[in-house]
Amino acid sequence: MSFMSDKAFIDTNILVYTVDGRFAQKRQIALDLIAGLQANHQLVISTQVLQEFYNVTTHKLKLDPVDMQGMVAKFSQLPTVLTDVSLIEQGIRVSIHHKLRLWDALMIVAGVRADCKIMYSEDLTHGQIIQGIRILNPFKEN
């Protein structure tokens, strides 16, 4: 199956791996994935992803807040879906229907809003299709 032209939403964990030095192999996979998607103008994120990225990297990973502010500024240049009340309401419906955490459902509906066909995530079930978006774990070995 080829996803070479489909828009793809990136879960926060993929972005976090780009700056997390603890997992060299995952870091390289995340960097390569993002570079490839950016080169083909396929990468989409959301304001939620930006917020979570900053929170995880500065609190959990204890990375420098000023450096991470710079990373957020860099990532915010990507196509970004704004988290608004309508998205939250849709996310709640999807979270109830699919029995997902609200945060995961919000990323799904943000991907739908941006017409993504793929969501790269380590947290959701690889191969699952939710709301027309196929979940792919880029770290899963075939």
# chains A, B, ... in the order shown; residues from 1 in each chain; ligands from 1
$ residues_around --residues "stretch 128-135 of chain A" --least-positions-apart "4" --cutoff "6 Å" --atoms "only C-alpha atoms" --output "list of chain:residue names"
A:Lys117, A:Ile118, A:Met119, A:Tyr120
$ write_last_selection --atoms "C-alpha atoms" --output "short mmCIF file (atom, residue, chain, number, x, y, z; two decimals), in the first residue's frame"
data_model
loop_
_atom_site.label_atom_id
_atom_site.label_comp_id
_atom_site.auth_asym_id
_atom_site.auth_seq_id
_atom_site.Cartn_x
_atom_site.Cartn_y
_atom_site.Cartn_z
CA LYS A 117 -5.43 9.78 5.39
CA ILE A 118 -2.68 8.69 7.79
CA MET A 119 -1.78 9.36 11.40
CA TYR A 120 1.63 8.35 12.64
#
$ select_by_dssp --residues "stretch 93-129 of chain A" --states "helix (DSSP H, G or I)" --output "PyMOL selection string"
chain A and resi 93-98+102-113
$ select_by_dssp --residues "chain A" --states "strand (DSSP E)" --output "VMD selection string"
chain A and resid 8 to 10 43 to 46 80 to 81 118 to 120 129 to 130 133 to 136
$ write_last_selection --atoms "N, CA and C atoms" --output "compact mmCIF listing (two decimals), in the first residue's frame"
# COMPACT_ATOMS: atom_id res chain seq x y z
N ALA A 8 -0.46 13.48 6.09
CA ALA A 8 -0.29 12.67 7.31
C ALA A 8 -0.23 13.57 8.54
N PHE A 9 -0.95 13.16 9.55
CA PHE A 9 -0.94 13.85 10.84
C PHE A 9 0.09 13.15 11.72
N ILE A 10 0.85 13.93 12.47
CA ILE A 10 1.89 13.39 13.34
C ILE A 10 1.48 13.57 14.79
N LEU A 43 2.98 16.84 5.75
CA LEU A 43 2.94 16.83 7.20
C LEU A 43 1.94 17.84 7.76
N VAL A 44 1.11 17.38 8.71
CA VAL A 44 0.13 18.22 9.38
C VAL A 44 0.23 17.96 10.88
N ILE A 45 0.11 19.05 11.67
CA ILE A 45 0.05 18.93 13.12
C ILE A 45 -1.14 19.76 13.61
N SER A 46 -1.26 19.88 14.92
CA SER A 46 -2.32 20.73 15.49
C SER A 46 -1.75 21.56 16.63
N THR A 80 -1.02 23.66 10.39
CA THR A 80 -1.43 23.41 11.77
C THR A 80 -2.94 23.60 11.91
N VAL A 81 -3.61 22.56 12.40
CA VAL A 81 -5.04 22.63 12.67
C VAL A 81 -5.23 23.27 14.04
N ILE A 118 -3.59 9.45 6.94
CA ILE A 118 -2.68 8.69 7.79
C ILE A 118 -2.43 9.48 9.06
N MET A 119 -2.26 8.76 10.17
CA MET A 119 -1.78 9.36 11.40
C MET A 119 -0.66 8.48 11.92
N TYR A 120 0.51 9.08 12.08
CA TYR A 120 1.63 8.35 12.64
C TYR A 120 1.60 8.51 14.15
N ILE A 129 -8.14 1.79 11.50
CA ILE A 129 -8.68 2.94 10.78
C ILE A 129 -9.77 3.56 11.64
N ILE A 130 -9.59 4.84 11.95
CA ILE A 130 -10.55 5.58 12.76
C ILE A 130 -10.94 6.83 11.98
N ILE A 133 -8.99 7.54 8.90
CA ILE A 133 -7.54 7.75 9.01
C ILE A 133 -6.89 6.44 9.46
N ARG A 134 -5.90 6.01 8.69
CA ARG A 134 -5.16 4.79 9.03
C ARG A 134 -4.05 5.15 10.01
N ILE A 135 -4.00 4.42 11.11
CA ILE A 135 -2.97 4.63 12.13
C ILE A 135 -1.75 3.79 11.77
N LEU A 136 -0.60 4.43 11.70
CA LEU A 136 0.64 3.72 11.42
C LEU A 136 1.66 4.03 12.52
$ closest_residue --among "A:Gln42, A:Ser121, A:Asn13, A:Asn137" --to "A:Thr57" --atoms "only C-alpha atoms"
A:Asn13
$ closest_atom_pairs --of "stretch 57-80 of chain A" --to "stretch 18-22 of chain A" --cutoff "10 Å" --atoms "only C-alpha atoms" --output "JSON lines"
{"residue": "A:Thr57", "atom": "CA", "partner": "A:Val19", "partner_atom": "CA", "distance": 8.0}
{"residue": "A:Leu61", "atom": "CA", "partner": "A:Asp20", "partner_atom": "CA", "distance": 7.4}
{"residue": "A:Leu63", "atom": "CA", "partner": "A:Val19", "partner_atom": "CA", "distance": 8.8}
{"residue": "A:Met68", "atom": "CA", "partner": "A:Val19", "partner_atom": "CA", "distance": 9.1}
{"residue": "A:Met71", "atom": "CA", "partner": "A:Val19", "partner_atom": "CA", "distance": 9.3}
$ residues_around --residues "A:Leu87" --least-positions-apart "2" --cutoff "7 Å" --atoms "only C-alpha atoms" --output "list in words"
Thr83, Asp84, Val85, Glu89, Gln90, Gly91, Leu106, Val109 and Ala110 of chain A
$ write_last_selection --atoms "all heavy atoms" --output "PDB file, in the first residue's frame"
ATOM      1  N   THR A  83      -7.092  24.024  17.443  1.00  0.00           N
ATOM      2  CA  THR A  83      -8.038  23.352  18.336  1.00  0.00           C
ATOM      3  C   THR A  83      -9.054  24.391  18.787  1.00  0.00           C
ATOM      4  O   THR A  83      -8.730  25.290  19.554  1.00  0.00           O
ATOM      5  CB  THR A  83      -7.307  22.741  19.544  1.00  0.00           C
ATOM      6  OG1 THR A  83      -6.314  21.828  19.064  1.00  0.00           O
ATOM      7  CG2 THR A  83      -8.271  22.000  20.446  1.00  0.00           C
ATOM      8  N   ASP A  84     -10.278  24.260  18.268  1.00  0.00           N
ATOM      9  CA  ASP A  84     -11.350  25.182  18.629  1.00  0.00           C
ATOM     10  C   ASP A  84     -12.492  24.387  19.272  1.00  0.00           C
ATOM     11  O   ASP A  84     -12.394  23.169  19.435  1.00  0.00           O
ATOM     12  CB  ASP A  84     -11.819  25.979  17.410  1.00  0.00           C
ATOM     13  CG  ASP A  84     -12.308  25.090  16.262  1.00  0.00           C
ATOM     14  OD1 ASP A  84     -12.683  23.919  16.494  1.00  0.00           O
ATOM     15  OD2 ASP A  84     -12.316  25.570  15.115  1.00  0.00           O
ATOM     16  N   VAL A  85     -13.556  25.081  19.640  1.00  0.00           N
ATOM     17  CA  VAL A  85     -14.666  24.429  20.335  1.00  0.00           C
ATOM     18  C   VAL A  85     -15.292  23.331  19.475  1.00  0.00           C
ATOM     19  O   VAL A  85     -15.605  22.239  19.965  1.00  0.00           O
ATOM     20  CB  VAL A  85     -15.725  25.467  20.771  1.00  0.00           C
ATOM     21  CG1 VAL A  85     -16.947  24.775  21.356  1.00  0.00           C
ATOM     22  CG2 VAL A  85     -15.126  26.436  21.778  1.00  0.00           C
ATOM     23  N   GLU A  89     -15.688  19.394  20.515  1.00  0.00           N
ATOM     24  CA  GLU A  89     -16.970  18.677  20.507  1.00  0.00           C
ATOM     25  C   GLU A  89     -16.894  17.425  19.639  1.00  0.00           C
ATOM     26  O   GLU A  89     -17.381  16.355  20.020  1.00  0.00           O
ATOM     27  CB  GLU A  89     -18.092  19.604  20.034  1.00  0.00           C
ATOM     28  CG  GLU A  89     -18.410  20.696  21.041  1.00  0.00           C
ATOM     29  CD  GLU A  89     -19.352  21.759  20.498  1.00  0.00           C
ATOM     30  OE1 GLU A  89     -19.568  21.831  19.262  1.00  0.00           O
ATOM     31  OE2 GLU A  89     -19.875  22.539  21.327  1.00  0.00           O
ATOM     32  N   GLN A  90     -16.278  17.542  18.459  1.00  0.00           N
ATOM     33  CA  GLN A  90     -16.106  16.375  17.589  1.00  0.00           C
ATOM     34  C   GLN A  90     -15.217  15.339  18.268  1.00  0.00           C
ATOM     35  O   GLN A  90     -15.483  14.137  18.191  1.00  0.00           O
ATOM     36  CB  GLN A  90     -15.492  16.788  16.257  1.00  0.00           C
ATOM     37  CG  GLN A  90     -16.385  17.639  15.393  1.00  0.00           C
ATOM     38  CD  GLN A  90     -15.626  18.241  14.216  1.00  0.00           C
ATOM     39  OE1 GLN A  90     -14.466  17.936  13.968  1.00  0.00           O
ATOM     40  NE2 GLN A  90     -16.286  19.127  13.488  1.00  0.00           N
ATOM     41  N   GLY A  91     -14.149  15.806  18.903  1.00  0.00           N
ATOM     42  CA  GLY A  91     -13.238  14.904  19.602  1.00  0.00           C
ATOM     43  C   GLY A  91     -13.927  14.131  20.707  1.00  0.00           C
ATOM     44  O   GLY A  91     -13.686  12.932  20.884  1.00  0.00           O
ATOM     45  N   LEU A 106      -8.905  13.931  19.727  1.00  0.00           N
ATOM     46  CA  LEU A 106      -8.706  15.282  19.188  1.00  0.00           C
ATOM     47  C   LEU A 106      -7.712  15.286  18.030  1.00  0.00           C
ATOM     48  O   LEU A 106      -7.891  16.023  17.056  1.00  0.00           O
ATOM     49  CB  LEU A 106      -8.229  16.234  20.286  1.00  0.00           C
ATOM     50  CG  LEU A 106      -9.294  16.738  21.247  1.00  0.00           C
ATOM     51  CD1 LEU A 106      -8.651  17.453  22.429  1.00  0.00           C
ATOM     52  CD2 LEU A 106     -10.279  17.652  20.529  1.00  0.00           C
ATOM     53  N   VAL A 109      -9.593  13.844  14.929  1.00  0.00           N
ATOM     54  CA  VAL A 109     -10.502  14.786  14.256  1.00  0.00           C
ATOM     55  C   VAL A 109      -9.735  15.964  13.650  1.00  0.00           C
ATOM     56  O   VAL A 109     -10.175  16.515  12.640  1.00  0.00           O
ATOM     57  CB  VAL A 109     -11.665  15.246  15.175  1.00  0.00           C
ATOM     58  CG1 VAL A 109     -12.560  14.065  15.539  1.00  0.00           C
ATOM     59  CG2 VAL A 109     -11.183  15.966  16.403  1.00  0.00           C
ATOM     60  N   ALA A 110      -8.607  16.333  14.226  1.00  0.00           N
ATOM     61  CA  ALA A 110      -7.771  17.361  13.598  1.00  0.00           C
ATOM     62  C   ALA A 110      -7.249  16.840  12.263  1.00  0.00           C
ATOM     63  O   ALA A 110      -7.222  17.568  11.263  1.00  0.00           O
ATOM     64  CB  ALA A 110      -6.609  17.748  14.511  1.00  0.00           C
TER      65      ALA A 110
END
$ atom_distance --atom1 "atom CA of A:Thr12" --atom2 "atom CA of A:Lys26"
13.6 Å
$ residues_around --residues "A:Pro138" --least-positions-apart "6" --cutoff "12 Å" --atoms "only C-alpha atoms" --output "JSON, numbers by chain"
{"A": [10, 11, 13, 14, 17, 25, 26, 27, 28, 29, 30, 31, 32, 33, 34, 118, 119, 120, 121, 122, 123, 124, 125, 126, 127]}
